[in-house]
>>> print(open('upload_19.txt').read())   # compact mmCIF, C-alpha atoms
# COMPACT_ATOMS: atom_id res chain seq x y z
CA MET A 8 111.25 88.84 49.97
CA ALA A 9 113.22 87.65 52.99
CA THR A 10 112.05 90.65 54.94
CA TYR A 11 108.47 90.15 53.83
CA GLY A 12 108.63 86.47 54.74
CA GLY A 13 110.03 87.30 58.20
CA ALA A 14 107.30 89.89 58.81
CA SER A 15 104.64 87.38 57.73
CA ALA A 16 106.01 84.82 60.16
CA ARG A 17 105.95 87.27 63.03
CA ARG A 18 102.46 88.46 62.07
CA SER A 19 101.20 84.88 62.21
CA GLN A 20 102.26 84.69 65.88
CA VAL A 21 100.10 87.67 66.91
CA ILE A 22 97.18 86.65 69.17
CA VAL A 23 93.87 88.12 68.07
CA GLY A 24 90.81 88.14 70.31
CA GLN A 25 90.51 87.44 74.07
CA LEU A 26 93.83 86.78 75.79
CA PRO A 27 94.26 83.57 77.81
CA ASP A 28 94.37 83.75 81.64
CA ASP A 29 98.07 82.83 81.78
CA PHE A 30 99.12 85.50 79.27
CA LEU A 31 102.36 87.23 80.36
CA ARG A 32 102.49 85.02 83.47
CA LEU A 33 105.83 83.42 84.28
CA GLY A 34 105.81 79.89 85.51
CA GLY A 35 107.82 78.24 88.25
CA ALA A 36 109.31 80.68 90.78
CA GLN A 37 107.04 83.56 89.80
CA SER A 38 103.89 81.49 90.43
CA ASP A 39 105.27 80.34 93.79
CA THR A 40 106.07 83.94 94.72
CA GLN A 41 102.57 85.10 93.85
CA GLN A 42 101.11 82.23 95.82
CA GLN A 43 103.21 83.16 98.84
CA ILE A 44 102.06 86.79 98.56
CA ASN A 45 98.44 85.67 98.52
CA GLN A 46 98.98 83.50 101.58
CA ASP A 47 100.64 86.39 103.43
CA GLU A 48 97.72 88.67 102.59
CA GLN A 49 95.23 86.10 103.87
CA THR A 50 97.20 85.68 107.08
CA ALA A 51 97.34 89.45 107.59
CA ARG A 52 93.58 89.76 107.08
CA ALA A 53 92.96 86.90 109.51
CA MET A 54 95.14 88.54 112.15
CA GLN A 55 93.37 91.86 111.69
CA TYR A 56 89.76 90.74 111.49
CA GLY A 57 89.62 87.13 112.59
CA ALA A 58 90.30 85.23 115.79
CA VAL A 59 94.01 84.42 115.57
CA ASN A 60 95.97 83.27 118.59
CA THR A 61 99.47 84.75 118.32
CA GLN A 62 100.79 82.64 121.20
CA SER A 63 100.34 78.90 121.35
CA PRO A 64 98.76 77.52 124.55
CA GLY A 65 101.38 76.69 127.15
CA ALA A 66 103.98 79.10 125.75
CA TYR A 67 106.51 80.56 128.19
CA VAL A 68 108.92 83.47 128.27
CA GLY A 69 112.07 83.56 130.37
CA ARG A 70 112.54 86.40 132.88
CA LEU A 71 116.07 86.99 134.09
CA SER A 72 116.89 88.79 137.33
CA ILE A 73 120.38 90.21 137.84
CA THR A 74 121.62 91.87 141.02
CA ILE A 75 124.81 93.92 140.51
CA ALA A 76 126.04 93.86 144.09
CA GLN A 77 129.60 95.21 144.23
CA ALA A 78 133.06 95.13 142.63
CA LYS A 79 136.67 94.97 143.74
CA LEU A 80 138.85 96.76 141.20
CA ALA A 81 142.60 96.42 140.75
CA LYS A 82 143.39 100.15 140.51
CA ASN A 83 141.95 103.62 141.08
CA TYR A 84 142.58 105.59 137.86
CA GLY A 85 143.12 109.32 138.25
CA ILE A 86 144.11 111.62 141.09
CA SER A 87 140.76 111.67 142.91
CA ARG A 88 138.63 108.73 143.95
CA MET A 89 136.64 107.19 141.11
CA ASP A 90 132.84 107.38 140.85
CA PRO A 91 132.05 103.98 139.29
CA TYR A 92 128.81 102.81 137.74
CA CYS A 93 127.97 99.64 135.80
CA ARG A 94 126.20 99.28 132.46
CA ILE A 95 124.86 95.84 131.55
CA ARG A 96 123.35 94.63 128.27
CA VAL A 97 121.05 91.61 127.87
CA GLY A 98 120.16 91.00 124.25
CA HIS A 99 118.99 94.42 122.98
CA ALA A 100 118.11 95.76 126.46
CA VAL A 101 120.58 98.01 128.29
CA PHE A 102 120.49 98.86 132.02
CA GLU A 103 122.62 101.01 134.32
CA THR A 104 123.27 101.13 138.05
CA PRO A 105 123.39 104.38 140.02
CA THR A 106 126.83 105.95 140.40
CA ASP A 107 128.68 105.07 143.60
CA VAL A 108 130.21 108.46 144.38
CA ASN A 109 133.76 108.05 145.75
CA GLY A 110 133.38 104.29 145.41
CA SER A 111 136.97 104.08 144.14
CA LYS A 112 138.19 100.47 143.95
CA ASN A 113 135.32 99.04 146.04
CA PRO A 114 132.04 100.32 144.58
CA ARG A 115 128.74 99.02 145.91
CA TRP A 116 125.46 99.23 143.98
CA ASN A 117 123.08 96.45 145.07
CA LYS A 118 121.00 97.21 141.98
CA THR A 119 118.56 94.55 140.76
CA ILE A 120 117.27 94.53 137.20
CA GLN A 121 114.73 92.25 135.53
CA CYS A 122 114.32 91.63 131.82
CA ASN A 123 112.74 89.13 129.44
CA MET A 124 115.12 86.69 127.81
CA SER A 125 114.84 86.49 124.03
CA GLN A 126 115.37 83.18 122.31
CA GLY A 127 119.06 82.45 121.76
CA VAL A 128 120.36 84.87 124.42
CA ASP A 129 122.61 83.03 126.90
CA SER A 130 125.09 85.71 128.03
CA VAL A 131 125.30 89.25 129.37
CA HIS A 132 127.85 91.97 128.59
CA LEU A 133 128.81 94.51 131.24
CA GLU A 134 131.03 97.59 131.39
CA LEU A 135 132.27 99.65 134.32
CA PHE A 136 132.75 103.42 133.95
CA ASP A 137 134.20 106.21 136.06
CA GLU A 138 131.68 109.07 135.83
CA LYS A 139 133.21 112.42 134.88
CA ALA A 140 131.66 115.85 135.28
CA PHE A 141 133.38 117.73 132.43
CA THR A 142 134.81 115.00 130.19
CA THR A 143 133.70 111.69 128.71
CA ASP A 144 133.18 108.93 131.24
CA ASN A 145 136.23 106.70 131.52
CA LYS A 146 135.75 102.98 130.87
CA ILE A 147 137.39 101.05 133.69
CA ALA A 148 136.64 97.40 132.93
CA TRP A 149 134.37 95.05 131.03
CA ALA A 150 133.33 91.38 130.85
CA LEU A 151 131.24 88.96 128.80
CA ILE A 152 129.56 86.50 131.15
CA THR A 153 127.85 83.34 129.95
CA LEU A 154 124.86 82.38 132.04
CA PRO A 155 125.51 79.17 133.99
CA PRO A 156 123.26 76.27 132.90
CA THR A 157 122.10 75.86 136.51
CA VAL A 158 120.59 79.38 136.38
CA LEU A 159 118.48 78.51 133.34
CA ASN A 160 117.25 75.46 135.27
CA GLY A 161 115.89 77.68 138.04
CA GLU A 162 118.82 77.85 140.46
CA THR A 163 120.00 81.17 141.96
CA LYS A 164 123.69 81.81 141.35
CA ASP A 165 125.71 84.21 143.57
CA ASP A 166 129.33 84.43 142.37
CA TRP A 167 132.30 86.67 141.56
CA TYR A 168 133.32 87.13 137.93
CA PRO A 169 136.69 88.43 136.59
CA LEU A 170 136.97 91.78 134.80
CA THR A 171 139.16 92.77 131.85
CA GLY A 172 140.76 96.20 131.44
CA ARG A 173 144.08 98.03 131.19
CA GLN A 174 145.74 95.59 133.55
CA GLY A 175 145.01 92.73 131.14
CA GLU A 176 142.46 90.04 130.50
CA ASP A 177 140.69 88.97 133.70
CA LYS A 178 143.14 91.12 135.71
CA GLU A 179 141.14 94.30 136.33
CA GLY A 180 139.34 92.95 139.38
CA MET A 181 136.16 91.06 140.19
CA ILE A 182 132.43 91.85 140.21
CA ASN A 183 129.77 90.21 142.34
CA LEU A 184 126.58 89.24 140.45
CA ILE A 185 123.48 87.31 141.52
CA PHE A 186 121.52 85.56 138.76
CA SER A 187 118.06 84.01 138.92
CA TYR A 188 115.73 82.87 136.16
CA VAL A 189 112.04 81.97 136.00
CA GLN A 190 109.68 80.99 133.22
CA VAL A 191 106.49 83.03 133.02
CA PRO A 192 103.49 81.64 131.10
CA VAL A 193 102.31 83.79 128.22
CA MET A 194 98.58 84.51 128.24
CA PRO A 195 97.25 83.99 124.71
CA MET A 196 95.28 86.81 123.10
CA VAL A 197 92.03 86.31 121.21
CA TYR A 198 91.19 88.98 118.67
CA GLN A 199 87.52 89.73 118.23
CA ALA A 200 85.97 91.16 115.13
CA PRO A 201 84.92 94.82 115.35
CA GLN A 202 81.29 95.77 115.97
CA GLN A 203 78.97 98.58 115.05
CA VAL A 204 75.96 99.99 116.87
CA VAL A 205 72.86 100.45 114.71
CA TYR A 206 69.69 101.98 116.06
CA GLY A 207 66.36 100.23 115.58
CA GLY A 208 63.88 102.66 117.07
CA GLN A 209 65.33 103.52 120.49
CA VAL A 210 67.09 100.21 121.20
CA PRO A 211 70.75 99.87 120.00
CA ILE A 212 71.42 96.72 117.97
CA VAL A 213 75.02 95.40 117.87
CA ILE A 214 76.13 93.96 114.52
CA PRO A 215 79.34 91.85 114.86
CA GLY A 216 82.23 92.25 112.45
CA THR A 217 81.68 95.89 111.50
CA TYR A 218 83.43 99.19 112.08
CA PRO A 219 84.15 101.05 114.44
CA TYR A 220 84.20 99.05 117.70
CA GLY A 221 87.25 96.75 117.42
CA PRO A 222 89.31 94.79 117.17
CA VAL A 223 89.62 94.26 120.93
CA ALA A 224 92.25 91.94 122.39
CA THR A 225 90.95 90.06 125.44
CA PRO A 226 93.05 87.57 127.46
CA VAL A 227 91.64 84.04 127.47
CA GLY A 228 89.82 83.31 130.72
CA ALA A 229 89.25 86.98 131.54
CA TYR A 230 85.86 88.59 131.78
CA PRO A 231 84.04 89.01 128.45
CA PRO A 232 84.40 92.38 126.73
CA GLN A 233 81.56 94.74 127.41
CA GLN A 234 79.71 96.15 124.45
CA THR A 235 79.72 99.90 124.15
CA MET A 236 76.16 101.17 124.20
CA MET A 237 75.31 104.67 123.13
CA PRO A 238 72.99 106.61 125.46
CA VAL A 239 69.34 106.59 124.42
CA HIS A 240 67.75 110.02 124.57
CA GLN A 241 64.13 110.07 125.71
CA PRO A 242 61.86 112.28 123.58
CA ARG A 243 60.88 115.58 125.20
CA PRO A 244 57.14 115.63 126.12
CA GLN A 245 55.05 117.85 123.92
CA PRO A 246 52.99 120.62 125.60
CA PRO A 247 49.21 119.91 125.80
CA GLN A 248 47.07 121.21 122.99
CA ILE A 249 44.71 123.92 124.34
CA THR A 250 41.81 124.82 122.06
CA GLN A 251 39.92 128.08 122.07
CA ALA A 252 36.64 126.19 122.55
CA ASP A 253 37.91 124.68 125.81
CA LEU A 254 39.00 128.08 127.06
CA GLN A 255 35.67 129.69 126.15
CA ALA A 256 33.67 126.92 127.87
CA LEU A 257 35.69 127.29 131.07
CA GLN A 258 35.45 131.09 130.88
CA GLU A 259 31.66 130.82 130.77
CA MET A 260 31.69 128.54 133.80
CA PHE A 261 34.03 130.86 135.74
CA PRO A 262 33.31 134.38 134.46
CA GLY A 263 35.07 136.03 137.39
CA THR A 264 38.41 134.28 136.70
CA ASP A 265 41.01 135.77 134.40
CA SER A 266 41.42 133.94 131.09
CA GLU A 267 45.22 133.60 131.51
CA VAL A 268 44.71 131.94 134.88
CA ILE A 269 42.26 129.48 133.32
CA ARG A 270 44.82 128.74 130.52
CA SER A 271 47.59 128.13 133.05
CA VAL A 272 45.48 125.75 135.14
CA LEU A 273 44.38 123.89 132.01
CA GLU A 274 48.00 123.50 130.84
CA ALA A 275 49.04 122.31 134.30
CA ASN A 276 46.38 119.58 134.07
CA ASN A 277 47.58 118.59 130.54
CA GLY A 278 44.28 119.71 128.96
CA ASN A 279 42.06 117.68 131.29
CA LYS A 280 38.90 119.79 131.64
CA ASP A 281 37.47 117.88 134.60
CA ALA A 282 40.67 118.27 136.61
CA THR A 283 40.84 121.92 135.63
CA ILE A 284 37.25 122.53 136.84
CA ASP A 285 38.08 120.92 140.21
CA SER A 286 41.20 123.10 140.53
CA LEU A 287 39.27 126.28 139.68
CA LEU A 288 36.53 125.40 142.15
CA GLN A 289 39.14 125.12 144.88
CA MET A 290 40.57 128.49 143.91
CA THR A 291 37.21 130.32 144.12
>>> encode(input="upload_19.txt", output="structure tokens")
Amino acid sequence: MATYGGASARRSQVIVGQLPDDFLRLGGAQSDTQQQINQDEQTARAMQYGAVNTQSPGAYVGRLSITIAQAKLAKNYGISRMDPYCRIRVGHAVFETPTDVNGSKNPRWNKTIQCNMSQGVDSVHLELFDEKAFTTDNKIAWALITLPPTVLNGETKDDWYPLTGRQGEDKEGMINLIFSYVQVPVMPMVYQAPQQVVYGGQVPIVIPGTYPYGPVATPVGAYPPQQTMMPVHQPRPQPPQITQADLQALQEMFPGTDSEVIRSVLEANNGNKDATIDSLLQMT
């Protein structure tokens, strides 16, 4: 009886008929998650098909210029003269100078690089290598240089910075770097809805917001995008209709003229009998 009573209790909890809208829906965090997913989908659709400005007006990006001029190293490693080159990293971007062949302890590069500064990047990491022909390049020195605040304010900084290596921290020599920094305005992009060309007779009609022409990104203030128009093909003119009655009437008027000649003249005049008569009179 206990089992039967338990089964009856469970059976009474079974929902019969149409299920409610919130059936099997978790409240709280699950609803918030679903709401966030819906918002993300709407934002993605707006960015793909709508007019979304990905850069706010007046936004700027920093452009850093670094000139790796020369270095004065503490020691020439190896029997022959070293062939130094410099590798520098700014954020996730990596650059290299040419190799100064036989540069030894006083390499000169005078290499200028330019890169965009990502948000939060305020230092550069550089390494000096001795290029080898048959073995791995030998690391000579390295340094982590924090950009001076005056550079970020627009001032050009030409200075010598210490290098670390086998001789010890800041004892491997010095490197001459020139820093400059400018802010470049970002041109906002306006995304237009795609368009489709539909033909109404012989004149193309452009319907906004349809496939396949778009989306097209056009800088604000630039010339408006030009609509792609498909070439309109003119219909080929139909040959004139020549009836047997017309040919027979002309043949009777000009019995000495060959029938094929009369047909050709009539076709050349697009079936105009009066013009054909004048042409045949001139020929006789």
>>> atom_distance(input="upload_19.txt", atom1="atom CA of Glu103 of chain A", atom2="atom CA of Ile75 of chain A")
9.7 Å
>>> closest_residue(input="upload_19.txt", among="A:Lys139, A:Lys118, A:Arg173, A:Arg270", to="Phe102 of chain A", atoms="all atoms listed in the file")
A:Lys118
>>> atom_distance(input="upload_19.txt", atom1="atom CA of Arg115 of chain A", atom2="atom CA of Ala78 of chain A")
6.7 Å
>>> closest_residue(input="upload_19.txt", among="A:Asn117, A:Thr153, A:Gln248, A:Thr106", to="Asn279 of chain A", atoms="all atoms listed in the file")
A:Gln248
>>> residues_around(input="upload_19.txt", residues="Thr264 of chain A", least_positions_apart="4", cutoff="10 Å", atoms="all atoms listed in the file", output="list of chain:residue names")
A:Leu257, A:Gln258, A:Glu259, A:Met260, A:Val268, A:Ile269, A:Leu287, A:Met290, A:Thr291
>>> write_last_selection(input="upload_19.txt", atoms="C-alpha atoms", output="mmCIF file, in the frame of the given file")
data_model
loop_
_atom_site.group_PDB
_atom_site.id
_atom_site.type_symbol
_atom_site.label_atom_id
_atom_site.label_comp_id
_atom_site.auth_asym_id
_atom_site.auth_seq_id
_atom_site.Cartn_x
_atom_site.Cartn_y
_atom_site.Cartn_z
ATOM 1 C CA LEU A 257 35.690 127.290 131.070
ATOM 2 C CA GLN A 258 35.450 131.090 130.880
ATOM 3 C CA GLU A 259 31.660 130.820 130.770
ATOM 4 C CA MET A 260 31.690 128.540 133.800
ATOM 5 C CA VAL A 268 44.710 131.940 134.880
ATOM 6 C CA ILE A 269 42.260 129.480 133.320
ATOM 7 C CA LEU A 287 39.270 126.280 139.680
ATOM 8 C CA MET A 290 40.570 128.490 143.910
ATOM 9 C CA THR A 291 37.210 130.320 144.120
#
>>> closest_residue(input="upload_19.txt", among="A:Cys93, A:Val191, A:Ile152, A:Ala252", to="Gln77 of chain A", atoms="all atoms listed in the file")
A:Cys93
>>> closest_residue(input="upload_19.txt", among="A:Gly175, A:Pro262, A:Pro91, A:Gly180", to="Asn145 of chain A", atoms="all atoms listed in the file")
A:Pro91
>>> residues_around(input="upload_19.txt", residues="Thr119 of chain A", least_positions_apart="6", cutoff="7 Å", atoms="all atoms listed in the file", output="PDB file with C-alpha atoms, in the coordinates of the input")
ATOM      1  CA  SER A  72     116.890  88.790 137.330  1.00  0.00           C
ATOM      2  CA  ILE A  73     120.380  90.210 137.840  1.00  0.00           C
ATOM      3  CA  THR A  74     121.620  91.870 141.020  1.00  0.00           C
ATOM      4  CA  ILE A  75     124.810  93.920 140.510  1.00  0.00           C
TER       5      ILE A  75
END
>>> atom_distance(input="upload_19.txt", atom1="atom CA of Ser130 of chain A", atom2="atom CA of Ile147 of chain A")
20.5 Å
>>> closest_residue(input="upload_19.txt", among="A:Ala150, A:Ile249, A:Ile284, A:Leu71", to="Thr163 of chain A", atoms="only C-alpha atoms")
A:Leu71
>>> residues_near_point(input="upload_19.txt", point="(143.2, 92.7, 130.3)", cutoff="12 Å", atoms="all atoms listed in the file", output="list in words")
Ala81, Ile147, Ala148, Trp149, Ala150, Pro169, Leu170, Thr171, Gly172, Arg173, Gln174, Gly175, Glu176, Asp177, Lys178, Glu179 and Gly180 of chain A
>>> closest_residue(input="upload_19.txt", among="A:Ser111, A:Asn123, A:Gln251, A:Ser266", to="Arg70 of chain A", atoms="only C-alpha atoms")
A:Asn123
>>> residues_around(input="upload_19.txt", residues="Ala100 of chain A", least_positions_apart="3", cutoff="10 Å", atoms="only C-alpha atoms", output="JSON list (two decimals) with C-alpha atoms, keeping the file's coordinate frame")
[["chain", "number", "residue", "atom", "x", "y", "z"],
["A", 95, "ILE", "CA", 124.86, 95.84, 131.55],
["A", 96, "ARG", "CA", 123.35, 94.63, 128.27],
["A", 97, "VAL", "CA", 121.05, 91.61, 127.87],
["A", 122, "CYS", "CA", 114.32, 91.63, 131.82],
["A", 123, "ASN", "CA", 112.74, 89.13, 129.44],
["A", 124, "MET", "CA", 115.12, 86.69, 127.81]]
>>> axis_aligned_box(input="upload_19.txt", around="segment 164-173 of chain A", padding_each_side="8 Å", output="AutoDock Vina command-line options")
--center_x 133.9 --center_y 89.9 --center_z 137.4 --size_x 36.4 --size_y 32.2 --size_z 28.4
